[in-house]
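The structure appears below as C-alpha cells.
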Number of protein chains: 2
Amino acid sequence: MGRQSFGTSDALSERVREVLKRIKYKVAVVSGKGGVGKSLVSSYTAVALARRGLRVGLLDVDFHGPSSHIFLGLRNARPRATLEWIEPVEGPLGIRVMSVAFLTPEEDTPVIWRGPLKSSAIVELLTKVNWGDLDFMIVDLPPGTGDEALTLAQVVRDVDGSIVVAMPSTVVKSVVSRAINFVKYVGLRPIGLVENMSFFYCPDSGRRYEIFGESAVEELSAKYGIPVIARIPVDPRLSEYVETGRVLILEEPDSPLSRSFEEIASRLLAELERVQSGAGR
Amino acid sequence: MGRQSFGTSDALSERVREVLKRIKYKVAVVSGKGGVGKSLVSSYTAVALARRGLRVGLLDVDFHGPSSHIFLGLRNARPRATLEWIEPVEGPLGIRVMSVAFLTPEEDTPVIWRGPLKSSAIVELLTKVNWGDLDFMIVDLPPGTGDEALTLAQVVRDVDGSIVVAMPSTVVKSVVSRAINFVKYVGLRPIGLVENMSFFYCPDSGRRYEIFGESAVEELSAKYGIPVIARIPVDPRLSEYVETGRVLILEEPDSPLSRSFEEIASRLLAELERVQSGAGR
C-alpha cells in the first residue's frame, strides 16, 4: 500500500492544525463493509452526544453513499458559502453537518470519485468549513479498506480513535476483523465495537429475535481486546422517521434503539476522558 | 469520469473473446451500497440456476469484501493452478467459482486494492481461469459506483445485463436510483430489481413484518421501467447454514427464502431468452 502524498504545504498543515485545535474529540466511524448501519451510528451518536449539551460536528465523507444527513432530516439541505468559508448545515440540537452529499448535484446522480479527488475533498471539508469550537467531531468514513481512512489519519494526526460498526452473522465476522486490523494499521485506534441490527423485538409478542443469527461481536471483542459499546436493535419505525425527516431518538428517547445510543455516547465519553486524563491507552 | 486504458493488446482481446464465446449468458450483480445482500443474491442465484441443470460459473470481484464463496461453503477453498490455467473451485452442483478472496493470503488481512490493480485482476480472472463451457456466468461486482463495473462492461462487451440488489427503506431509495443510472451509463442493462431483507416471518406467530419499513422497489420499478424479480425474506437460519458451510436453498428448497431464488432464476432465464430470441430489449 503506497502512502499518498497530498502536497500538504506548510500553509495547509497550519490551517488543518488551526481548525483541529478547536475540536476537542475527533472520532471516526468505520465498518468493514457497507450496509451495516455506519450512517445510522454516525448520525444518531452525534444526536446522543448533543443531547448531553455538547457541541457536535458531523463530517460525512462516505463517498459511495453519503447518508448520515438523511438520518438528521437534512436530505435537501445545502451549505451556505461565504467568501472565506463554507458554513456547515445546522442539524437538530445545533449539530454542524457537512457531507459530500451536499456537494453533488442531484441525489440520483452517481458520482464517481477517484482516489486523489477523495483525499483532497477530505482535506477541503476539514479546512474550508467553518467548524468553529466543537466538543466532538464524528467522521463517517467510507466502508471497507480504502484510502480515505489513511488520508484522515494522515491529515488529522490526533484522531482519538474509531468506532467499528458490525452486524451479526458469521459472514460479517471476517469482514469486521479486517476492519479492525485496518484501522489499527492506519492509526485510528478502535475504541469500541457497535453491533447494529442485533435483534428485532416482535411488536405483537414482545419477544426478541436474533434475525441475522448469533452475535459475533463478543468473540471479536475478546479476540482484539476492544469493548462492545452497544448492540442496536432493528426498529421498523426508523424508516418512517427517516422518510419524514424526523429523528427517532429525539422523539422516542426511551425506545430500545434510542437507549442503545445513550449507551454509545456514555461509553465513548468515558473512554475518551479516561485516555485524556492520562490513564493511557 | 475518465475511461481507463487496460493496455488490452490484440492477443488479450482475442483471449477474452475465446473465453467468453463459451459462456452463453453473462449477468452482473450490482448494488448502490454494500450490505444489501449482493453476495447472497449472487451465490444463491447461481445455485438456483444450477438446480435446473445449467452449467454455472460465479466470478466474485467484490474487492472490498468478497463473500459469495462463503455462502457456497467454500470459505477455505483454494483454486488449483496448472502451467496454463487456474482451475476454478468446484462448488455445490458443480458451480465453478473464482473469487478475489481466493487470491488473498488470510481472511483477516485487509487488502488495499488500487484501481488499476482491480482492473487487471478482473481481466486476469476472466482470461486465466479455465471456465470452460458455461450456460451462465454470474459476476458479483463491488457495491457502489466504482471503476470495476466500467472495466467489466469494457472487457466483456456482451454482458447481457445486471441484477440490481436493493433493500427496503427510504435511505436506500436514492442509493438504488444512483446504481440504476450508473449501470445504464456503463452499459450493463438492468434486467431486474431484487429486494433483499424485505420481511421477517415471525417463527412464533407466522406473521410477516416489514422490519426495515416499507418497500421502495415498486416505486423504483415504475420509475425506471425495470421489473421487480423477487423480494427475499430474512431467514434467521441463514447465518447458521453459512457458519457450517451448508447451503440453505439446497437443504430447505421450500422455505420462503429458497422460493424467492427460484423466482429469480425463472424470471432471469425468461427475460434473457426473450431478448435472445430477438424480441428485443
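Every chain in the C-alpha cells takes a letter, A first, then B, and so on in the order presented; its residues are numbered from 1, and the ligands are numbered from 1 following the presented order.
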With chain A as the partner and 9 Å as the cut-off, tabulate the residues of chain B that qualify, each row holding the nearest pair of atoms and their distance in Å to one decimal, using only C-alpha atoms, sorted by chain and rising number, as CSV.
```
residue,atom,partner,partner_atom,distance
B:Met1,CA,A:Ile112,CA,6.5
B:Gly32,CA,A:Gly65,CA,7.5
B:Lys33,CA,A:Gly34,CA,6.1
B:Gly34,CA,A:Gly34,CA,4.0
B:Gly35,CA,A:Gly35,CA,3.8
B:Val36,CA,A:Gly35,CA,6.0
B:Gly37,CA,A:Gly35,CA,8.9
B:His64,CA,A:Gly144,CA,5.6
B:Gly65,CA,A:Val175,CA,6.5
B:Ser67,CA,A:Val171,CA,7.1
B:Ile70,CA,A:Val171,CA,7.1
B:Phe71,CA,A:Val171,CA,8.2
B:Glu107,CA,A:Ser174,CA,6.2
B:Asp108,CA,A:Arg178,CA,4.7
B:Thr109,CA,A:Arg178,CA,5.4
B:Pro110,CA,A:Arg178,CA,4.9
B:Val111,CA,A:Thr145,CA,7.1
B:Ile112,CA,A:Thr145,CA,6.0
B:Trp113,CA,A:Gly146,CA,7.8
B:Arg114,CA,A:Gly146,CA,8.4
B:Gly115,CA,A:Gly115,CA,8.4
B:Pro143,CA,A:Gly34,CA,8.2
B:Gly144,CA,A:His64,CA,5.6
B:Thr145,CA,A:Ile112,CA,5.9
B:Gly146,CA,A:Ile112,CA,6.2
B:Asp147,CA,A:Ile112,CA,7.9
B:Pro168,CA,A:Ser239,CA,8.5
B:Ser169,CA,A:Ser239,CA,5.3
B:Thr170,CA,A:Glu243,CA,5.9
B:Val171,CA,A:Ser67,CA,7.0
B:Val172,CA,A:Ser67,CA,9.0
B:Lys173,CA,A:Asp108,CA,9.0
B:Ser174,CA,A:Asp108,CA,5.5
B:Val175,CA,A:Gly65,CA,6.5
B:Val176,CA,A:Asp108,CA,8.2
B:Ser177,CA,A:Asp108,CA,5.3
B:Arg178,CA,A:Asp108,CA,4.6
B:Ala179,CA,A:Pro110,CA,6.9
B:Ile180,CA,A:Asp108,CA,8.9
B:Asn181,CA,A:Pro110,CA,6.9
B:Phe182,CA,A:Pro110,CA,5.9
B:Phe200,CA,A:Ile211,CA,7.8
B:Cys202,CA,A:Cys202,CA,7.6
B:Asp204,CA,A:Ser205,CA,8.7
B:Ser205,CA,A:Ser205,CA,8.4
B:Tyr209,CA,A:Cys202,CA,8.4
B:Glu210,CA,A:Pro236,CA,6.9
B:Ile211,CA,A:Pro236,CA,4.6
B:Phe212,CA,A:Pro236,CA,5.1
B:Gly213,CA,A:Ser239,CA,5.2
B:Glu214,CA,A:Ser239,CA,7.6
B:Val234,CA,A:Ile211,CA,7.1
B:Asp235,CA,A:Ile211,CA,6.9
B:Pro236,CA,A:Ile211,CA,4.7
B:Arg237,CA,A:Gly213,CA,6.7
B:Leu238,CA,A:Gly213,CA,7.4
B:Ser239,CA,A:Gly213,CA,5.2
B:Glu240,CA,A:Gly213,CA,6.9
B:Val242,CA,A:Thr170,CA,7.1
B:Glu243,CA,A:Thr170,CA,6.0
```
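Look at Leu272 (chain B): the protein and nucleic acid residues within 10 Å of it, using only C-alpha atoms and passing over chain neighbours fewer than 3 places away, are Tyr25, Lys26, Val27, Asp160, Gly161, Ile191, Arg267, Leu268, Leu269, Val275, Gln276, Ser277 and Arg281 of chain B.
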Restricting the output to N, CA, C and O atoms, write the selected residues as a PDB file, in the first residue's frame.
```pdb
ATOM      1  N   TYR B  25     -24.776 -16.957 -21.216  1.00  0.00           N
ATOM      2  CA  TYR B  25     -25.287 -15.726 -20.601  1.00  0.00           C
ATOM      3  C   TYR B  25     -24.327 -15.210 -19.533  1.00  0.00           C
ATOM      4  O   TYR B  25     -23.785 -15.990 -18.753  1.00  0.00           O
ATOM      5  N   LYS B  26     -24.169 -13.892 -19.500  1.00  0.00           N
ATOM      6  CA  LYS B  26     -23.297 -13.263 -18.501  1.00  0.00           C
ATOM      7  C   LYS B  26     -24.095 -12.155 -17.826  1.00  0.00           C
ATOM      8  O   LYS B  26     -24.542 -11.218 -18.490  1.00  0.00           O
ATOM      9  N   VAL B  27     -24.247 -12.276 -16.533  1.00  0.00           N
ATOM     10  CA  VAL B  27     -25.050 -11.294 -15.807  1.00  0.00           C
ATOM     11  C   VAL B  27     -24.265 -10.796 -14.598  1.00  0.00           C
ATOM     12  O   VAL B  27     -23.678 -11.583 -13.849  1.00  0.00           O
ATOM     13  N   ASP B 160     -24.916  -9.536 -20.687  1.00  0.00           N
ATOM     14  CA  ASP B 160     -26.332  -9.466 -21.031  1.00  0.00           C
ATOM     15  C   ASP B 160     -27.081  -8.452 -20.182  1.00  0.00           C
ATOM     16  O   ASP B 160     -28.126  -7.958 -20.594  1.00  0.00           O
ATOM     17  N   GLY B 161     -26.548  -8.162 -19.029  1.00  0.00           N
ATOM     18  CA  GLY B 161     -27.224  -7.181 -18.198  1.00  0.00           C
ATOM     19  C   GLY B 161     -26.872  -7.360 -16.740  1.00  0.00           C
ATOM     20  O   GLY B 161     -25.908  -8.060 -16.410  1.00  0.00           O
ATOM     21  N   ILE B 191     -31.628  -5.722 -15.724  1.00  0.00           N
ATOM     22  CA  ILE B 191     -32.661  -6.678 -16.132  1.00  0.00           C
ATOM     23  C   ILE B 191     -33.775  -6.746 -15.096  1.00  0.00           C
ATOM     24  O   ILE B 191     -34.944  -6.868 -15.426  1.00  0.00           O
ATOM     25  N   ARG B 267     -37.344 -15.833 -13.698  1.00  0.00           N
ATOM     26  CA  ARG B 267     -37.543 -14.539 -14.331  1.00  0.00           C
ATOM     27  C   ARG B 267     -36.341 -14.143 -15.179  1.00  0.00           C
ATOM     28  O   ARG B 267     -36.461 -13.604 -16.271  1.00  0.00           O
ATOM     29  N   LEU B 268     -35.160 -14.448 -14.653  1.00  0.00           N
ATOM     30  CA  LEU B 268     -33.920 -14.111 -15.328  1.00  0.00           C
ATOM     31  C   LEU B 268     -33.814 -14.882 -16.651  1.00  0.00           C
ATOM     32  O   LEU B 268     -33.548 -14.301 -17.710  1.00  0.00           O
ATOM     33  N   LEU B 269     -34.046 -16.180 -16.578  1.00  0.00           N
ATOM     34  CA  LEU B 269     -33.952 -17.004 -17.778  1.00  0.00           C
ATOM     35  C   LEU B 269     -34.993 -16.590 -18.811  1.00  0.00           C
ATOM     36  O   LEU B 269     -34.689 -16.478 -19.998  1.00  0.00           O
ATOM     37  N   VAL B 275     -34.956 -11.869 -24.882  1.00  0.00           N
ATOM     38  CA  VAL B 275     -34.080 -10.953 -25.609  1.00  0.00           C
ATOM     39  C   VAL B 275     -33.322 -11.697 -26.702  1.00  0.00           C
ATOM     40  O   VAL B 275     -33.229 -11.240 -27.839  1.00  0.00           O
ATOM     41  N   GLN B 276     -32.806 -12.897 -26.340  1.00  0.00           N
ATOM     42  CA  GLN B 276     -32.008 -13.621 -27.326  1.00  0.00           C
ATOM     43  C   GLN B 276     -32.847 -14.073 -28.531  1.00  0.00           C
ATOM     44  O   GLN B 276     -32.358 -14.114 -29.649  1.00  0.00           O
ATOM     45  N   SER B 277     -34.099 -14.375 -28.259  1.00  0.00           N
ATOM     46  CA  SER B 277     -34.959 -14.839 -29.357  1.00  0.00           C
ATOM     47  C   SER B 277     -35.289 -13.690 -30.304  1.00  0.00           C
ATOM     48  O   SER B 277     -35.993 -13.874 -31.290  1.00  0.00           O
ATOM     49  N   ARG B 281     -34.899  -5.620 -26.751  1.00  0.00           N
ATOM     50  CA  ARG B 281     -34.737  -5.176 -25.376  1.00  0.00           C
ATOM     51  C   ARG B 281     -35.804  -4.169 -25.046  1.00  0.00           C
ATOM     52  O   ARG B 281     -35.726  -3.354 -24.213  1.00  0.00           O
TER      53      ARG B 281
END
```
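Each of B:Asp133, B:Ala11, B:Arg17, B:Pro253 was checked against Val155 (chain B) using only C-alpha atoms; the smallest atom-to-atom distance is that of B:Arg17.
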Worksheet item: Residues of region 225-259 of chain B in helix (DSSP H, G or I) according to DSSP, as a PyMOL selection string?
Response: chain B and resi 238-243+248-251+256-259
Between CA of Ser99 (chain A) and CA of Leu58 (chain A), what is the distance, to one decimal in Å?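 Calculated distance between CA of Ser99 (chain A) and CA of Leu58 (chain A) is 8.0 Å.
Each of A:Leu49, A:Ala77, A:Ala216, A:Val29 was checked against Phe136 (chain A) using only C-alpha atoms; the smallest atom-to-atom distance is that of A:Leu49.
Distances to Val97 (chain A) were evaluated for A:Gly245, A:Pro233, A:Pro79, A:Gly192 using only C-alpha atoms, and the minimum falls at A:Pro79.
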* Asked: Do you know which residues are at most 9 Å from Pro92 (chain A) counting only C-alpha atoms, after dropping those on the same chain fewer than 4 positions away, and could you put them as a list in words?
  -> Val47, Ala50, Leu72, Gly73, Arg96, Val247 and Leu250 of chain A
Taken to one decimal, the CA of Leu40 (chain B)-CA of Asp158 (chain B) distance is 24.4 Å
Next on the checklist: Env of Glu148 (chain A): 10 Å cut, atoms = only C-alpha atoms, seq-sep filter 4 positions within chain, self excluded. Answer as a VMD selection string.
Outcome noted: chain A and resid 61 to 63 115 to 116 118 to 122 141 to 144 152 to 154
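Here CA of Lys128 (chain A) is placed at a distance of 25.2 Å from CA of Val41 (chain A).
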